[in-house]
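J.: Starting off with a structure, shown below.
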2 protein chains.
Amino acid sequence: MAVYTEVADEDLAAFVERYDIGRLLSCKGIAEGVENSNFLVHTEAGHFILTLYEKRVDPADLPFFLGLMQHLAARDISCPTPLVAGDGRMLGTLADRPAAMVTFLDGMWVRRPRPEHCAALGAGLAALHLAGADFPMSRRNALSVTDWRPLFDKSAAEADTVAAGLAREIAEELDALERAWPGGLPSGVIHADLFPDNVFFIGTELSGLIDFYFACTDAFAYDVAICLNAWCFEPDLSFNVTKARALLNAYRRVRPFTPAEFRALPLLARGAALRFLLTRLHDWLRVPPGALVTPKDPLEYLKKLRFHRSVSSASAYGLDA
Amino acid sequence: MAVYTEVADEDLAAFVERYDIGRLLSCKGIAEGVENSNFLVHTEAGHFILTLYEKRVDPADLPFFLGLMQHLAARDISCPTPLVAGDGRMLGTLADRPAAMVTFLDGMWVRRPRPEHCAALGAGLAALHLAGADFPMSRRNALSVTDWRPLFDKSAAEADTVAAGLAREIAEELDALERAWPGGLPSGVIHADLFPDNVFFIGTELSGLIDFYFACTDAFAYDVAICLNAWCFEPDLSFNVTKARALLNAYRRVRPFTPAEFRALPLLARGAALRFLLTRLHDWLRVPPGALVTPKDPLEYLKKLRFHRSVSSASAYGLDA
């Protein structure tokens with residue numbers, strides 16, 4: 001459910017007038033997303049999404065995010081394209097917040113992805129990695145292996161209130177991952193949060209990738225590992241190898257894995273599971289009283305982590321060497 | 001903020017296929033309204049609003065509401081027009097709720113109405129009253145004078161916790177209104193909830209009337225009285241006679257007031273203020289812990305009620321006899 005900022009009529013009209021998109025005809029708050037306020041805007045030129053960046057996004061990162069979307073869209077990746085205002089800028093201010101207007105993308109996110117969806121995702125993710133190769137800006141992944149321990153330190157004392165033995169299991173996992181985390185894998189721009197609600201489909205055709213607000217510079221295979229976690233487990237947390245095989249094979253038809261990536265995949269998948277376990281644990285322990293949003297269960301990612309720990313090679317994901 | 005029902009992909013697609021509007025391309029929950037769940041739907045045929053009726057709407061009333069919108073739209077009132085499915089029905093079922101699809105209307109509601117908006121509203125309201133004259137169905141106003149006392153009885157014991165002396169003031173007002181409430185005024189279909197958020201504008205042009213879920217059969221002038229309360233007070237609750245005059249004069253150019261209506265207007269305005277005071281008081285005293293929606297202040301309508309009690313004739317609203 002969206003928590004959103006109310007915008008005054010005149011301010012909205014003035015903001016829209018900065019773009020060459022005709023008269024404002026309609027503006028409705030969208031009940032999706034919790035990080036930012038999103039509005040579906042209709043003008044004489046078409047439909048757009050207006051985003052007000054709320055406090056969880058660092059304004060210093062916005063030129064990277066908006067520049068990336070512009071770069072990818074110019075290379076035929078179907079993603080929101082920021083509009084450039086009359087003053088040449090993509091970023092403006094509305095209701096005292098940084099704000100941008102992007103193109104509207106048709107499509108809907110899939111609540112229960114099937115193997116066809118996973119295949120389309122794999123191909124789309126590989127195309128994203130290739131299209132980002134010549135993007136000139138970079139942004140450090142603020143939630144990578146070196147960030148996990150300081151993040152865990154904030155929750156360690158209370159972790160066992162969520163599940164007995166959780167603190168110890170995370171600490172051991174952190175030790176193992178910090179020791180073994182691979183360097184030197186092929187890297188570039190990754191999405192870093194390509195969960196089903198950030199991928200639009202029309203039928204089984206991928207129609208758009210959205211929400212680039214975790215995008216950063218990191219190993220491509222780590223992005224793949226995030227998707228394995230987000231797309232290939234069933235609601236009962238069993239791993240669906242048919243979906244994983246579809247995702248990985250479609251990916252490598254567009255961008256082949258290097259041998260080092262192939263070898264690293266189980267470890268990267270453990271790391272990706274730990275990353276979401278840690279952020280969810282952090283949020284779970286800090287739910288404000290009367291919160292509007294139910295936090296996501298961290299233990300879902302503990303179970304996924306254990307699965308990946310049991311895997312000895314990427315062939316367990318259905319991938320032939 | 002909207003509280004809304006999640007709809008499964010397949011159920012939504014099947015629901016949309018019942019209409020002759022092409023393939024489903026997009027569906028987004030709208031963060032407006034608290035009574036129902038609303039989604040903005042894009043298909044190959046255009047944009048539509050999908051409404052799931054939540055528990056505050058009595059399903060038995062839906063044929064009246066949907067039939068009314070169809071009737072008004074056929075008479076050039078700009079309001080949502082229900083789509084008729086292949087089975088000939090306007091009402092269907094989705095996610096175990098009654099559901100309907102209506103046309104999308106451009107326009108935005110005005111947070112700070114100006115006299116021009118009030119004039120457009122007056123003309124639109126009169127046109128609505130005329131267009132509804134030959135609508136064959138009727139629905140009793142469930143929040144009219146005879147309903148106020150039973151409604152107050154539920155809050156009377158706690159009323160003074162909201163403001164000292166409130167219970168007594170309401171009780172005296174109820175006595176007075178029950179005694180003097182006029183019968184026999186020109187009647188027909190009224191909207192009964194035409195607050196600014198239910199009226200869309202593009203600039204100062206009225207582009208649509210929405211949310212007919214309080215519509216009923218009652219005195220036309222009572223609908224006018226509701227609008228005087230909803231549109232003609234400033235944020236500090238001073239009465240803006242320029243706005244009232246604009247509203248009333250625009251109304252009567254389309255549908256002239258009878259002498260009885262003219263005489264009754266101050267009393268009807270008191271009644272309308274009491275009606276919203278009572279429903280707000282009821283909701284205010286029953287906010288569930290952790291509620292998502294801030295209830296509206298009942299005392300706003302106490303102050304409006306006192307203003308109308310101080311008025312001796314409709315000329316105080318800027319209306320010449």
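As shown in the structure tokens, the chain order sets the letters A, B, ...; within each chain, residues go from 1, and ligands are also counted from 1 in the order they appear.
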Any idea what's packed within 7 Å of stretch 89-96 of chain A, counting only C-alpha atoms, ignoring anything in its chain fewer than 6 positions away? Could you give it as a PyMOL selection string?
T.: chain A and resi 7+11+15+82-83
J.: Would you output that residue set with N, CA, C and O atoms, as a PDB file, in the first residue's frame?
T.:
ATOM      1  N   VAL A   7      -0.370  16.652  -3.254  1.00  0.00           N
ATOM      2  CA  VAL A   7       0.226  17.725  -4.051  1.00  0.00           C
ATOM      3  C   VAL A   7      -0.841  18.773  -4.337  1.00  0.00           C
ATOM      4  O   VAL A   7      -1.961  18.426  -4.721  1.00  0.00           O
ATOM      5  N   ASP A  11       0.602  23.619  -7.865  1.00  0.00           N
ATOM      6  CA  ASP A  11       1.977  23.137  -7.923  1.00  0.00           C
ATOM      7  C   ASP A  11       2.099  22.021  -8.955  1.00  0.00           C
ATOM      8  O   ASP A  11       3.063  21.953  -9.720  1.00  0.00           O
ATOM      9  N   PHE A  15       4.270  22.101 -12.339  1.00  0.00           N
ATOM     10  CA  PHE A  15       5.295  21.082 -12.566  1.00  0.00           C
ATOM     11  C   PHE A  15       5.123  20.469 -13.956  1.00  0.00           C
ATOM     12  O   PHE A  15       6.097  20.314 -14.704  1.00  0.00           O
ATOM     13  N   PRO A  82      12.748   8.796 -18.336  1.00  0.00           N
ATOM     14  CA  PRO A  82      12.496  10.113 -17.735  1.00  0.00           C
ATOM     15  C   PRO A  82      12.279  11.173 -18.813  1.00  0.00           C
ATOM     16  O   PRO A  82      12.981  11.185 -19.839  1.00  0.00           O
ATOM     17  N   LEU A  83      11.308  12.039 -18.579  1.00  0.00           N
ATOM     18  CA  LEU A  83      11.089  13.160 -19.489  1.00  0.00           C
ATOM     19  C   LEU A  83      12.071  14.278 -19.145  1.00  0.00           C
ATOM     20  O   LEU A  83      12.404  14.483 -17.977  1.00  0.00           O
TER      21      LEU A  83
END
J.: Take chain B, lay it over chain A with a least-squares fit on all the Cα atoms in order, then hand it over as a short mmCIF file (atom, residue, chain, number, x, y, z; two decimals) with C-alpha atoms, in the first residue's frame.
T.:
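Output file part-v5.cif is given in full below:
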data_model
loop_
_atom_site.label_atom_id
_atom_site.label_comp_id
_atom_site.auth_asym_id
_atom_site.auth_seq_id
_atom_site.Cartn_x
_atom_site.Cartn_y
_atom_site.Cartn_z
CA MET B 1 0.00 0.01 0.07
CA ALA B 2 1.33 3.39 -0.86
CA VAL B 3 1.92 6.15 1.60
CA TYR B 4 1.85 9.21 -0.50
CA THR B 5 2.32 12.91 -0.45
CA GLU B 6 -0.58 15.21 -1.25
CA VAL B 7 0.26 17.69 -3.99
CA ALA B 8 -1.44 21.09 -4.34
CA ASP B 9 -3.36 21.66 -7.59
CA GLU B 10 -1.37 24.70 -8.68
CA ASP B 11 1.99 23.11 -7.85
CA LEU B 12 1.13 20.03 -9.89
CA ALA B 13 -0.04 22.08 -12.86
CA ALA B 14 3.12 24.19 -12.74
CA PHE B 15 5.29 21.07 -12.53
CA VAL B 16 3.61 19.48 -15.55
CA GLU B 17 3.90 22.72 -17.55
CA ARG B 18 7.70 22.40 -17.40
CA TYR B 19 7.40 19.52 -19.87
CA ASP B 20 6.22 19.64 -23.44
CA ILE B 21 3.32 17.24 -22.83
CA GLY B 22 0.25 19.47 -23.17
CA ARG B 23 -2.40 20.21 -20.62
CA LEU B 24 -2.87 18.18 -17.45
CA LEU B 25 -6.05 16.11 -17.66
CA SER B 26 -5.90 13.69 -14.74
CA CYS B 27 -3.67 12.67 -11.84
CA LYS B 28 -4.31 9.71 -9.55
CA GLY B 29 -2.20 8.36 -6.72
CA ILE B 30 -1.20 4.74 -7.29
CA ALA B 31 -1.62 2.31 -4.41
CA GLU B 32 1.67 0.49 -5.08
CA GLY B 33 5.16 0.89 -3.76
CA VAL B 34 6.18 2.05 -0.33
CA GLU B 35 9.47 3.81 -1.08
CA ASN B 36 8.13 6.68 -3.18
CA SER B 37 4.85 8.39 -4.04
CA ASN B 38 3.67 7.55 -7.54
CA PHE B 39 0.92 9.20 -9.54
CA LEU B 40 -0.55 8.19 -12.85
CA VAL B 41 -0.75 11.39 -14.88
CA HIS B 42 -2.77 11.87 -18.06
CA THR B 43 -2.01 14.87 -20.29
CA GLU B 44 -2.86 15.75 -23.85
CA ALA B 45 0.36 13.94 -24.87
CA GLY B 46 -0.44 10.63 -23.16
CA HIS B 47 0.04 8.79 -19.89
CA PHE B 48 3.00 9.23 -17.56
CA ILE B 49 4.13 8.28 -14.07
CA LEU B 50 5.04 11.10 -11.71
CA THR B 51 7.30 10.01 -8.87
CA LEU B 52 8.01 12.01 -5.72
CA TYR B 53 11.13 10.64 -4.06
CA GLU B 54 10.51 10.16 -0.37
CA LYS B 55 13.18 9.98 2.26
CA ARG B 56 14.42 6.43 1.62
CA VAL B 57 16.01 7.52 -1.67
CA ASP B 58 19.22 9.58 -1.40
CA PRO B 59 18.80 12.58 -3.72
CA ALA B 60 22.51 12.31 -4.58
CA ASP B 61 21.75 8.97 -6.29
CA LEU B 62 18.94 10.29 -8.49
CA PRO B 63 21.13 11.44 -11.40
CA PHE B 64 22.49 7.87 -11.60
CA PHE B 65 19.03 6.27 -11.54
CA LEU B 66 17.44 8.68 -14.01
CA GLY B 67 20.49 8.72 -16.27
CA LEU B 68 20.49 4.92 -16.29
CA MET B 69 16.83 4.68 -17.29
CA GLN B 70 17.44 7.20 -20.07
CA HIS B 71 20.50 5.23 -21.23
CA LEU B 72 18.70 1.87 -21.20
CA ALA B 73 15.57 3.19 -22.90
CA ALA B 74 17.76 4.59 -25.70
CA ARG B 75 19.07 1.03 -26.16
CA ASP B 76 15.60 -0.52 -26.52
CA ILE B 77 15.26 -1.79 -22.97
CA SER B 78 11.60 -1.31 -22.10
CA CYS B 79 11.86 0.73 -18.91
CA PRO B 80 10.41 4.03 -17.72
CA THR B 81 12.06 6.86 -19.66
CA PRO B 82 12.50 10.11 -17.74
CA LEU B 83 11.07 13.15 -19.49
CA VAL B 84 13.37 16.11 -19.97
CA ALA B 85 11.82 19.43 -18.93
CA GLY B 86 12.13 22.69 -20.83
CA ASP B 87 15.11 23.62 -18.66
CA GLY B 88 16.96 20.52 -19.87
CA ARG B 89 16.67 18.72 -16.54
CA MET B 90 15.10 15.35 -15.71
CA LEU B 91 14.84 16.10 -11.99
CA GLY B 92 12.56 18.76 -10.54
CA THR B 93 10.98 19.59 -7.19
CA LEU B 94 7.35 19.11 -6.18
CA ALA B 95 5.85 19.30 -2.68
CA ASP B 96 9.36 19.89 -1.34
CA ARG B 97 10.57 16.58 -2.73
CA PRO B 98 12.76 15.64 -5.68
CA ALA B 99 10.38 14.63 -8.46
CA ALA B 100 10.55 13.22 -11.97
CA MET B 101 8.12 12.29 -14.71
CA VAL B 102 8.65 9.08 -16.68
CA THR B 103 6.84 7.31 -19.49
CA PHE B 104 4.00 4.94 -18.58
CA LEU B 105 4.57 1.26 -19.34
CA ASP B 106 1.77 -1.15 -20.04
CA GLY B 107 1.83 -4.55 -18.43
CA MET B 108 1.18 -6.12 -15.05
CA TRP B 109 3.39 -7.89 -12.60
CA VAL B 110 2.76 -11.58 -12.24
CA ARG B 111 1.68 -12.84 -8.81
CA ARG B 112 2.43 -16.48 -9.69
CA PRO B 113 5.22 -16.60 -12.29
CA ARG B 114 5.37 -19.63 -14.55
CA PRO B 115 8.47 -21.02 -16.29
CA GLU B 116 7.66 -18.93 -19.41
CA HIS B 117 7.77 -15.79 -17.30
CA CYS B 118 11.09 -16.87 -15.81
CA ALA B 119 12.50 -17.42 -19.30
CA ALA B 120 11.36 -13.97 -20.43
CA LEU B 121 12.88 -12.51 -17.29
CA GLY B 122 16.22 -14.24 -17.93
CA ALA B 123 16.44 -12.89 -21.46
CA GLY B 124 15.40 -9.41 -20.31
CA LEU B 125 17.96 -9.38 -17.51
CA ALA B 126 20.77 -10.36 -19.86
CA ALA B 127 19.69 -7.66 -22.33
CA LEU B 128 19.71 -5.15 -19.47
CA HIS B 129 23.28 -6.16 -18.55
CA LEU B 130 24.47 -5.79 -22.13
CA ALA B 131 22.68 -2.46 -22.65
CA GLY B 132 24.19 -1.01 -19.48
CA ALA B 133 27.76 -1.90 -20.51
CA ASP B 134 28.57 1.56 -21.88
CA PHE B 135 26.70 3.56 -19.23
CA PRO B 136 29.34 6.02 -18.03
CA MET B 137 28.24 6.50 -14.41
CA SER B 138 28.79 4.10 -11.55
CA ARG B 139 27.26 3.56 -8.14
CA ARG B 140 28.62 1.33 -5.43
CA ASN B 141 26.28 -1.45 -4.27
CA ALA B 142 25.42 -0.24 -0.76
CA LEU B 143 24.08 -3.69 0.16
CA SER B 144 26.96 -5.94 -0.89
CA VAL B 145 29.09 -8.34 1.11
CA THR B 146 31.04 -5.70 3.05
CA ASP B 147 27.79 -4.00 4.12
CA TRP B 148 26.11 -7.07 5.54
CA ARG B 149 28.03 -7.28 8.81
CA PRO B 150 27.37 -3.67 9.87
CA LEU B 151 23.74 -4.20 8.90
CA PHE B 152 23.55 -7.41 10.93
CA ASP B 153 25.16 -5.70 13.93
CA LYS B 154 22.04 -3.54 14.24
CA SER B 155 19.80 -6.62 14.58
CA ALA B 156 22.10 -9.28 16.09
CA ALA B 157 21.03 -8.81 19.70
CA GLU B 158 17.35 -9.28 18.84
CA ALA B 159 17.66 -11.83 16.05
CA ASP B 160 16.87 -14.81 18.26
CA THR B 161 13.50 -13.26 19.14
CA VAL B 162 12.55 -13.96 15.52
CA ALA B 163 13.85 -17.54 15.45
CA ALA B 164 15.92 -19.51 17.94
CA GLY B 165 19.55 -19.77 16.78
CA LEU B 166 19.12 -17.18 14.03
CA ALA B 167 21.93 -14.90 15.26
CA ARG B 168 24.46 -17.72 15.26
CA GLU B 169 23.40 -19.04 11.86
CA ILE B 170 23.71 -15.59 10.30
CA ALA B 171 27.08 -14.98 11.97
CA GLU B 172 28.48 -18.25 10.59
CA GLU B 173 27.08 -17.49 7.17
CA LEU B 174 28.65 -14.04 7.21
CA ASP B 175 32.02 -15.55 8.10
CA ALA B 176 31.76 -18.02 5.25
CA LEU B 177 30.60 -15.52 2.65
CA GLU B 178 33.16 -12.88 3.60
CA ARG B 179 35.90 -15.49 3.22
CA ALA B 180 34.73 -16.94 -0.08
CA TRP B 181 33.03 -14.00 -1.85
CA PRO B 182 34.37 -13.98 -5.41
CA GLY B 183 36.08 -10.94 -6.88
CA GLY B 184 36.77 -10.21 -10.53
CA LEU B 185 33.52 -11.50 -11.99
CA PRO B 186 32.16 -9.66 -15.06
CA SER B 187 30.53 -6.53 -13.71
CA GLY B 188 28.53 -3.53 -14.78
CA VAL B 189 25.13 -2.03 -14.07
CA ILE B 190 22.81 -4.43 -12.25
CA HIS B 191 19.16 -3.89 -11.28
CA ALA B 192 19.68 -5.51 -7.86
CA ASP B 193 15.96 -5.71 -6.98
CA LEU B 194 14.30 -7.49 -9.90
CA PHE B 195 11.47 -9.09 -7.94
CA PRO B 196 8.23 -10.05 -9.73
CA ASP B 197 6.58 -6.73 -8.81
CA ASN B 198 9.25 -4.89 -10.78
CA VAL B 199 8.70 -6.81 -14.02
CA PHE B 200 5.68 -6.16 -16.20
CA PHE B 201 4.18 -8.71 -18.54
CA ILE B 202 1.40 -8.71 -21.09
CA GLY B 203 0.52 -12.39 -21.21
CA THR B 204 3.90 -14.13 -21.10
CA GLU B 205 5.68 -11.34 -22.96
CA LEU B 206 7.90 -9.12 -20.84
CA SER B 207 6.68 -5.56 -21.42
CA GLY B 208 8.84 -3.59 -19.01
CA LEU B 209 11.32 -3.44 -16.15
CA ILE B 210 10.70 -0.83 -13.47
CA ASP B 211 12.02 0.53 -10.17
CA PHE B 212 15.72 1.09 -10.73
CA TYR B 213 16.23 2.62 -7.29
CA PHE B 214 18.59 -0.11 -6.09
CA ALA B 215 20.53 -0.25 -9.36
CA CYS B 216 24.30 -0.16 -8.91
CA THR B 217 27.59 -1.43 -10.27
CA ASP B 218 28.25 -5.03 -9.32
CA ALA B 219 28.71 -8.54 -10.69
CA PHE B 220 26.14 -9.50 -13.34
CA ALA B 221 25.87 -13.01 -11.91
CA TYR B 222 24.86 -11.53 -8.53
CA ASP B 223 21.83 -9.97 -10.27
CA VAL B 224 21.04 -13.43 -11.67
CA ALA B 225 21.37 -14.86 -8.15
CA ILE B 226 18.88 -12.30 -6.81
CA CYS B 227 16.40 -13.38 -9.49
CA LEU B 228 16.88 -17.08 -8.66
CA ASN B 229 15.82 -16.25 -5.11
CA ALA B 230 12.96 -13.99 -6.11
CA TRP B 231 11.42 -16.04 -8.94
CA CYS B 232 12.24 -19.73 -8.55
CA PHE B 233 10.86 -20.71 -5.15
CA GLU B 234 7.28 -21.87 -4.73
CA PRO B 235 5.01 -20.41 -2.00
CA ASP B 236 5.97 -23.42 0.20
CA LEU B 237 9.65 -22.44 -0.41
CA SER B 238 10.48 -25.52 -2.41
CA PHE B 239 12.89 -24.71 -5.25
CA ASN B 240 11.41 -25.05 -8.74
CA VAL B 241 14.28 -26.18 -10.91
CA THR B 242 12.16 -25.93 -14.06
CA LYS B 243 11.80 -22.20 -13.47
CA ALA B 244 15.49 -21.82 -12.66
CA ARG B 245 16.55 -23.70 -15.78
CA ALA B 246 14.21 -21.55 -17.89
CA LEU B 247 15.61 -18.36 -16.36
CA LEU B 248 19.28 -19.34 -16.65
CA ASN B 249 19.14 -20.83 -20.13
CA ALA B 250 17.27 -17.82 -21.50
CA TYR B 251 19.84 -15.55 -19.85
CA ARG B 252 22.83 -17.31 -21.31
CA ARG B 253 21.44 -17.39 -24.81
CA VAL B 254 21.70 -13.56 -24.68
CA ARG B 255 24.79 -13.28 -22.48
CA PRO B 256 26.75 -16.51 -21.87
CA PHE B 257 28.08 -17.20 -18.38
CA THR B 258 31.85 -17.34 -17.93
CA PRO B 259 33.21 -20.45 -16.17
CA ALA B 260 33.90 -18.30 -13.08
CA GLU B 261 30.29 -17.12 -13.01
CA PHE B 262 29.05 -20.67 -13.37
CA ARG B 263 31.20 -21.78 -10.43
CA ALA B 264 30.21 -18.81 -8.28
CA LEU B 265 26.46 -19.04 -8.74
CA PRO B 266 25.56 -21.09 -5.61
CA LEU B 267 27.67 -18.80 -3.41
CA LEU B 268 26.19 -15.67 -5.00
CA ALA B 269 22.71 -17.11 -4.44
CA ARG B 270 23.53 -17.64 -0.75
CA GLY B 271 24.76 -14.06 -0.57
CA ALA B 272 21.65 -12.72 -2.27
CA ALA B 273 19.46 -14.68 0.15
CA LEU B 274 21.45 -13.33 3.10
CA ARG B 275 21.15 -9.75 1.80
CA PHE B 276 17.34 -9.95 1.78
CA LEU B 277 17.27 -11.88 5.05
CA LEU B 278 19.27 -9.07 6.69
CA THR B 279 17.22 -6.15 5.34
CA ARG B 280 13.97 -7.92 6.16
CA LEU B 281 15.20 -8.79 9.65
CA HIS B 282 16.18 -5.16 10.18
CA ASP B 283 12.76 -3.92 9.06
CA TRP B 284 10.93 -6.66 10.97
CA LEU B 285 12.52 -5.63 14.26
CA ARG B 286 11.73 -1.95 13.67
CA VAL B 287 8.06 -1.92 12.71
CA PRO B 288 6.71 1.32 14.13
CA PRO B 289 3.49 1.03 16.17
CA GLY B 290 0.49 1.55 13.91
CA ALA B 291 2.57 0.89 10.77
CA LEU B 292 0.65 0.90 7.50
CA VAL B 293 2.81 -1.74 5.89
CA THR B 294 3.22 -5.33 7.03
CA PRO B 295 6.93 -6.15 6.94
CA LYS B 296 8.04 -9.10 4.86
CA ASP B 297 8.94 -12.29 6.70
CA PRO B 298 12.72 -12.56 7.08
CA LEU B 299 12.53 -16.32 7.65
CA GLU B 300 11.46 -16.85 4.04
CA TYR B 301 15.00 -15.88 3.11
CA LEU B 302 16.56 -18.02 5.83
CA LYS B 303 14.94 -21.04 4.19
CA LYS B 304 16.14 -19.96 0.74
CA LEU B 305 19.64 -19.44 2.13
CA ARG B 306 19.68 -22.96 3.55
CA PHE B 307 18.66 -24.35 0.17
CA HIS B 308 21.52 -22.62 -1.61
CA ARG B 309 23.96 -23.78 1.10
CA SER B 310 22.93 -27.34 0.25
CA VAL B 311 23.82 -26.83 -3.41
CA SER B 312 27.26 -27.89 -4.60
CA SER B 313 27.18 -26.60 -8.16
CA ALA B 314 25.15 -24.53 -10.59
CA SER B 315 23.94 -27.76 -12.17
CA ALA B 316 21.56 -28.00 -9.18
CA TYR B 317 19.84 -24.96 -10.74
CA GLY B 318 19.26 -26.93 -13.92
CA LEU B 319 22.24 -25.42 -15.71
CA ASP B 320 24.54 -27.64 -17.78
CA ALA B 321 28.20 -26.81 -17.39
#
J.: Where in stretch 11-214 of chain A does DSSP assign strand (DSSP E or B), given as a ChimeraX atom specification?
T.: /A:24-30,37-43,46-52,82,92-94,97-103,108,140,187-190,199-202,205-209
J.: Can you pull out every residue from stretch 96-168 of chain B that DSSP, working from the backbone, puts in alpha helix (DSSP H), and format the result as a ChimeraX atom specification?
T.: /B:115-131,145-153,156-159,166-168
